[in-house]
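What follows is a single structure, written as structure tokens, with notes after it.
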Amino acid sequence: MLKINLVTVGNLKDKFFIDACGEYEKRLSRFCVLNIKELKEFTNYENIEQIKYLEGEEIIKNLKGYVVLLDVKGTLISSEELACKINDIANINSEITFVIGGSYGVSEAVKQKANLKISMSKMTFPHRLARVMLLEQIYRAFTINNNISYHK
């Protein structure tokens with residue numbers, strides 16, 4: 001069974017985000033093994049580059065398999081394209097790691113480790129909401145790939 005890792009900087013605090021993620025985690029369990037790794041958000045440092053560096057070091061320690069980075073400058077893809085990509089990756093790799101960086105983005109070192117950089121939208125979303133949206137899109141991709149009525 002395909003292993004999906006989600007490496008994310010920061011944790012969920014609001015019950016509605018926790019509940020939404022929990023729902024998609026439950027739904028995904030029939031398609032993959034999902035592992036979510038929440039990393040410490042660094043805040044009390046001199047500058048943004050230092051924060052990105054420290055968070056990046058922690059992210060890199062948790063990268064496994066094919067790495068997909070959510071990046072504001074990444075490629076915009078449709079749900080169908082994500083489904084195809086997950087299917088293609090699963091044919092050659094048993095593990096995919098999705099990365100959601102911190103509020104300042106990620107270091108260049110993390111960007112260089114990514115096999116694919118995607119953007120969810122031209123709009124800006126809070127990282128906690130992006131996490132829910134990503135889990136939903138991964139679930140949607142599995143339903144597309146398995147011809148299950150969900151995607152419209």
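To be explicit about the labels: the chains of the structure tokens are called A, B, and onward in the order shown, and within each one the residues are counted from 1, while ligands get numbers from 1 in the order they are shown.
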Residues of region 6-85 of chain A that have any atom at most 12 Å from an atom of region 111-118 of chain A: could you tabulate them with the shortest-distance atom pair and the distance in Å to one decimal, using only C-alpha atoms, ordered by chain and increasing number, as a tab-separated table?
```
residue	atom	partner	partner_atom	distance
A:Lys52	CA	A:Lys111	CA	11.2
A:Tyr53	CA	A:Lys111	CA	11.6
A:Gly56	CA	A:Lys111	CA	9.2
A:Glu57	CA	A:Lys113	CA	11.5
A:Ile59	CA	A:Lys113	CA	10.1
A:Ile60	CA	A:Lys113	CA	7.8
A:Lys61	CA	A:Lys113	CA	11.0
A:Asn62	CA	A:Lys113	CA	11.3
A:Leu63	CA	A:Lys113	CA	8.3
A:Lys64	CA	A:Lys113	CA	10.2
A:Gly65	CA	A:Asn115	CA	9.5
A:Tyr66	CA	A:Asn115	CA	6.3
A:Val67	CA	A:Ala114	CA	4.9
A:Val68	CA	A:Leu116	CA	4.8
A:Leu69	CA	A:Lys117	CA	4.7
A:Leu70	CA	A:Ile118	CA	5.1
A:Asp71	CA	A:Ile118	CA	5.7
A:Val72	CA	A:Ile118	CA	7.6
A:Lys73	CA	A:Ile118	CA	7.5
A:Gly74	CA	A:Ile118	CA	4.1
A:Thr75	CA	A:Ile118	CA	4.5
A:Leu76	CA	A:Ile118	CA	5.9
A:Ile77	CA	A:Ile118	CA	7.0
A:Ser78	CA	A:Ile118	CA	10.2
A:Ser79	CA	A:Ile118	CA	11.7
A:Glu81	CA	A:Ile118	CA	10.9
A:Leu82	CA	A:Ile118	CA	9.4
A:Lys85	CA	A:Leu116	CA	9.9
```
- Within 12 Å of Phe31 (chain A) using only C-alpha atoms, minus same-chain residues under 6 positions, as an MDAnalysis selection string: chainID A and resid 1:4 24:25 86:87 90 138:146 148
- Item | Among the residues A:Ser107, A:Gln137, A:Asn147, A:Asn93, the one that comes closest to Gln50 (chain A) [using only C-alpha atoms] |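 Ranked by minimum distance to Gln50 (chain A), first place goes to A:Ser107.
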- Query: Pick the closest to Lys37 (chain A) from A:Ser119, A:Ser149, A:Asn91, A:Thr97: which is it, counting only C-alpha atoms?
  - Reply: A:Thr97
- Taking the backbone alone, and naming residues the way the document does, which bits of region 2-123 of chain A are helix (DSSP H, G or I) by DSSP, as a ChimeraX atom specification? /A:15-28,48-61,79-92,108-113
- Query: Which residue out of A:Val110, A:Leu34, A:Ile100, A:Leu28 has the minimum interatomic distance to Arg128 (chain A) when only C-alpha atoms are used?
  - Reply: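 The shortest atom-to-atom distance to Arg128 (chain A) comes from A:Ile100.
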